[in-house]
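Heads up: the structure comes next, in structure tokens.
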Amino acid sequence: MACSGKNAPVPEKSFIITDHAGRAVGFSKIPNKIISLSPGITEIIFALGLSNKLVGVTSFCDYPAEAQRIDRVGGYSTVDKEKVVEKIGGDGDGAVIFASTLHIQPGGVLSDLEQLGYKAVVLEAHTIEQLFNCMKLINEISGGGSAAEVVIQSLEARAHVIKSGISADTRKVTVMHEVFGGHWVAGSDTLENDIITIAGGINIGAPIGSGYGQINIEGIIDANPDKIIIVSQMGTMVDGLVSSEITDNPVFRVLDAVKNRRIYVIDADIVSRSGPRAVDGLEEYARILHPEIFCDYAFPN
């Protein structure tokens with residue numbers, strides 16, 4: 001009877017995906033172990049209900065709180081190959097390493113790990129839409145199923161509310177998004193730039209090009225942004241007002257944003273990490289840039 005096949009387990013189908021570096025990665029089965037080399041990816045895995053498979057994360061993976069109880073395999077750019085091997089063991093087909101483009105650069109850790117037979121998938125998201133694509137790919141690979149699809153669809157619906165609320169007639173608000181001391185701002189091809197654009201703004205940092213860079217004092221004054229957003233590490237509230245290197249410098253008193261007290265502090269992680277909380281960041285940005293549309297709006301959960 002045992003050989004009749006009636007109760008025999010059905011073998012899992014193999015599948016091939018294409019990651020965000022354009023690489024084809026083949027799997028013989030759904031992985032039962034996950035290593036995450038990015039805080040944003042770790043947040044996605046928890047949001048999709050896949051944390052029971054998570055066996056290793058980086059020292060920067062601090063959200064949600066449960067992530068801090070997962071074993072560390074090094075830093076974001078300083079992954080410890082031996083620790084990864086220790087966590088996966090000999091079952092290379094039963095595990096997946098989710099990484100970013102940083103990890104496939106020359107000298108990156110993925111080349112050595114793949115030579116050992118481990119499966120690595122590169123994910124990268126510089127826009128909200130790319131974030132959703134990341135989530136769908138992680139779900140496909142890791143077997144999150146319909147429950148995870150519902151989570152993704154809910155986030156997509158929330159983003160759609162913002163997109164549909166901004167019309168062609170909506171006045172675009174110019175924004176300076178400061179990410180680091182010395183007037184480092186978010187440029188083009190960044191998650192922050194996409195969030196600003198979707199929320200009905202114009203990022204004055206976009207002309208510096210892709211990634212992040214510095215803008216000088218003259219450039220800030222010339223741009224004269226309507227509103228200035230400062231990430232949580234760079235600004236604090238003092239007597240109800242934001243204190244930062246912008247507000248505390250007399251030279252910037254000519255700026256409309258300073259004169260009108262339109263300077264805001266936002267949690268750095270919800271707009272810089274490519275994770276589910278980026279939709280929270282998008283909603284917060286929408287309220288800041290266009291309170292006349294979104295201030296009292298009850299966003300769907």
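Here, A, B, ... name the chains of the structure tokens in the order displayed, residue numbers run from 1 inside each chain, and ligands are numbered from 1 in the same displayed order.
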Inset, instruction - Report as number ranges by chain: the residues of range 43-241 of chain A with a DSSP assignment of alpha helix (DSSP H), based on the backbone of this structure. - result: A: 43-47, 81-88, 110-115, 128-142, 145-165, 191-198, 217-223
Any chance you could export the current selection's C-alpha atoms as a PDB file, in the first residue's frame?
ATOM      1  CA  GLU A  43      10.772  44.095   7.219  1.00  0.00           C
ATOM      2  CA  ILE A  44       9.150  42.641   4.096  1.00  0.00           C
ATOM      3  CA  ILE A  45       9.689  39.080   5.304  1.00  0.00           C
ATOM      4  CA  PHE A  46       7.988  39.841   8.611  1.00  0.00           C
ATOM      5  CA  ALA A  47       5.118  41.674   6.912  1.00  0.00           C
ATOM      6  CA  LYS A  81      30.401  34.540   5.012  1.00  0.00           C
ATOM      7  CA  GLU A  82      31.205  31.934   7.653  1.00  0.00           C
ATOM      8  CA  LYS A  83      28.154  32.908   9.708  1.00  0.00           C
ATOM      9  CA  VAL A  84      25.922  32.627   6.636  1.00  0.00           C
ATOM     10  CA  VAL A  85      27.284  29.155   5.939  1.00  0.00           C
ATOM     11  CA  GLU A  86      26.763  28.204   9.578  1.00  0.00           C
ATOM     12  CA  LYS A  87      23.103  29.249   9.486  1.00  0.00           C
ATOM     13  CA  ILE A  88      22.261  27.536   6.188  1.00  0.00           C
ATOM     14  CA  LEU A 110      27.563  36.743  -2.965  1.00  0.00           C
ATOM     15  CA  SER A 111      30.114  35.408  -5.427  1.00  0.00           C
ATOM     16  CA  ASP A 112      31.776  33.248  -2.768  1.00  0.00           C
ATOM     17  CA  LEU A 113      28.446  32.060  -1.370  1.00  0.00           C
ATOM     18  CA  GLU A 114      27.099  31.115  -4.787  1.00  0.00           C
ATOM     19  CA  GLN A 115      30.263  29.164  -5.545  1.00  0.00           C
ATOM     20  CA  ILE A 128       7.209  52.415  -4.456  1.00  0.00           C
ATOM     21  CA  GLU A 129       6.269  50.305  -7.474  1.00  0.00           C
ATOM     22  CA  GLN A 130       9.627  48.520  -7.373  1.00  0.00           C
ATOM     23  CA  LEU A 131       9.045  47.890  -3.662  1.00  0.00           C
ATOM     24  CA  PHE A 132       5.800  46.081  -4.465  1.00  0.00           C
ATOM     25  CA  ASN A 133       7.634  44.056  -7.108  1.00  0.00           C
ATOM     26  CA  CYS A 134      10.210  43.064  -4.480  1.00  0.00           C
ATOM     27  CA  MET A 135       7.470  41.907  -2.162  1.00  0.00           C
ATOM     28  CA  LYS A 136       5.809  39.853  -4.885  1.00  0.00           C
ATOM     29  CA  LEU A 137       9.101  38.191  -5.824  1.00  0.00           C
ATOM     30  CA  ILE A 138       9.909  37.361  -2.190  1.00  0.00           C
ATOM     31  CA  ASN A 139       6.424  35.874  -1.824  1.00  0.00           C
ATOM     32  CA  GLU A 140       6.813  33.809  -5.000  1.00  0.00           C
ATOM     33  CA  ILE A 141      10.164  32.403  -3.908  1.00  0.00           C
ATOM     34  CA  SER A 142       9.365  31.869  -0.242  1.00  0.00           C
ATOM     35  CA  GLY A 145       0.793  32.327  -0.584  1.00  0.00           C
ATOM     36  CA  SER A 146      -2.531  34.143  -0.616  1.00  0.00           C
ATOM     37  CA  ALA A 147      -2.167  35.626   2.876  1.00  0.00           C
ATOM     38  CA  ALA A 148       0.961  37.469   1.751  1.00  0.00           C
ATOM     39  CA  GLU A 149      -0.781  38.567  -1.442  1.00  0.00           C
ATOM     40  CA  VAL A 150      -3.482  40.233   0.663  1.00  0.00           C
ATOM     41  CA  VAL A 151      -0.801  42.212   2.537  1.00  0.00           C
ATOM     42  CA  ILE A 152       0.721  43.415  -0.733  1.00  0.00           C
ATOM     43  CA  GLN A 153      -2.659  44.329  -2.205  1.00  0.00           C
ATOM     44  CA  SER A 154      -3.501  46.347   0.910  1.00  0.00           C
ATOM     45  CA  LEU A 155      -0.292  48.360   0.576  1.00  0.00           C
ATOM     46  CA  GLU A 156      -0.933  48.901  -3.133  1.00  0.00           C
ATOM     47  CA  ALA A 157      -4.421  50.182  -2.327  1.00  0.00           C
ATOM     48  CA  ARG A 158      -3.046  52.678   0.177  1.00  0.00           C
ATOM     49  CA  ALA A 159      -0.519  53.995  -2.354  1.00  0.00           C
ATOM     50  CA  HIS A 160      -3.283  54.259  -4.958  1.00  0.00           C
ATOM     51  CA  VAL A 161      -5.219  56.610  -2.669  1.00  0.00           C
ATOM     52  CA  ILE A 162      -2.308  59.074  -2.777  1.00  0.00           C
ATOM     53  CA  LYS A 163      -1.784  58.725  -6.513  1.00  0.00           C
ATOM     54  CA  SER A 164      -5.460  59.267  -7.288  1.00  0.00           C
ATOM     55  CA  GLY A 165      -5.685  62.195  -4.867  1.00  0.00           C
ATOM     56  CA  LEU A 191      12.929  56.042  -2.755  1.00  0.00           C
ATOM     57  CA  GLU A 192      12.591  59.490  -1.162  1.00  0.00           C
ATOM     58  CA  ASN A 193      12.429  61.160  -4.583  1.00  0.00           C
ATOM     59  CA  ASP A 194       9.651  58.814  -5.697  1.00  0.00           C
ATOM     60  CA  ILE A 195       7.707  59.386  -2.484  1.00  0.00           C
ATOM     61  CA  ILE A 196       7.986  63.159  -2.942  1.00  0.00           C
ATOM     62  CA  THR A 197       6.838  62.929  -6.555  1.00  0.00           C
ATOM     63  CA  ILE A 198       3.846  60.665  -5.835  1.00  0.00           C
ATOM     64  CA  ILE A 217      24.050  77.009   0.705  1.00  0.00           C
ATOM     65  CA  GLU A 218      23.639  79.068  -2.470  1.00  0.00           C
ATOM     66  CA  GLY A 219      21.803  76.183  -4.131  1.00  0.00           C
ATOM     67  CA  ILE A 220      19.377  75.890  -1.230  1.00  0.00           C
ATOM     68  CA  ILE A 221      18.698  79.636  -1.207  1.00  0.00           C
ATOM     69  CA  ASP A 222      18.225  79.717  -4.985  1.00  0.00           C
ATOM     70  CA  ALA A 223      15.789  76.784  -4.854  1.00  0.00           C
TER      71      ALA A 223
END
Inset, instruction - Identify, on the basis of only C-alpha atoms, every residue whose closest approach to Val121 in chain A does not exceed 10 Å; exclude the query and any residue fewer than 5 positions from it along the same chain; express the result as a VMD selection string. - result: chain A and resid 17 to 26 96 to 101 110 137 to 138 141
Inset, instruction - Excluding range 292-295 of chain A and residues on its chain fewer than 4 positions from it, collect all residues at most 10 Å away from it, counting only C-alpha atoms, and give them as a ChimeraX atom specification. - result: /A:161-162,165-166,170,199,283-288,299
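If you look at CA of Ser28 in chain A and CA of Tyr76 in chain A, they are 28.0 Å away from each other.
Around Ile230 in chain A, within 7 Å and counting only C-alpha atoms, the residues found are His177, Glu178, Val179, Tyr264, Val265 and Ile266 of chain A, once anything fewer than 6 positions away on its own chain is removed.
For the atom pair formed by CA of Phe27 in chain A and CA of Ala120 in chain A, the distance is 10.4 Å, given to one decimal.
The gap separating CA of Pro39 in chain A from CA of Arg72 in chain A is 11.8 Å, in Å to one decimal.
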Inset, instruction - Could you give me, as a ChimeraX atom specification, each residue of range 7-246 of chain A that DSSP assigns to strand (DSSP E) when run on this structure's backbone? - result: /A:15-18,24-27,33-36,54-56,95-99,120-122,173-180,184-186,201-203,212-214,227-231,236-238,241-243
Legend entry - Surrounding residues of Leu54 in chain A excluding itself and chain neighbours under 2 positions, 7 Å, only C-alpha atoms, as a PyMOL selection string: chain A and resi 33-35+51-52+56
Please produce a file of those selected residues containing N, CA and C atoms, as a short mmCIF file (atom, residue, chain, number, x, y, z; two decimals), in the first residue's frame.
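part.cif, freshly written:
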data_model
loop_
_atom_site.label_atom_id
_atom_site.label_comp_id
_atom_site.auth_asym_id
_atom_site.auth_seq_id
_atom_site.Cartn_x
_atom_site.Cartn_y
_atom_site.Cartn_z
N LYS A 33 14.61 28.07 4.58
CA LYS A 33 15.49 28.95 5.35
C LYS A 33 15.75 30.22 4.54
N ILE A 34 15.72 31.37 5.22
CA ILE A 34 15.96 32.66 4.57
C ILE A 34 17.04 33.41 5.33
N ILE A 35 17.99 33.96 4.58
CA ILE A 35 18.95 34.93 5.11
C ILE A 35 18.63 36.28 4.48
N SER A 51 8.50 35.11 8.71
CA SER A 51 9.60 35.22 9.67
C SER A 51 10.00 33.88 10.27
N ASN A 52 9.11 32.89 10.22
CA ASN A 52 9.46 31.57 10.77
C ASN A 52 10.57 30.90 9.97
N GLY A 56 18.80 34.31 9.61
CA GLY A 56 19.92 35.24 9.73
C GLY A 56 19.61 36.59 9.15
#
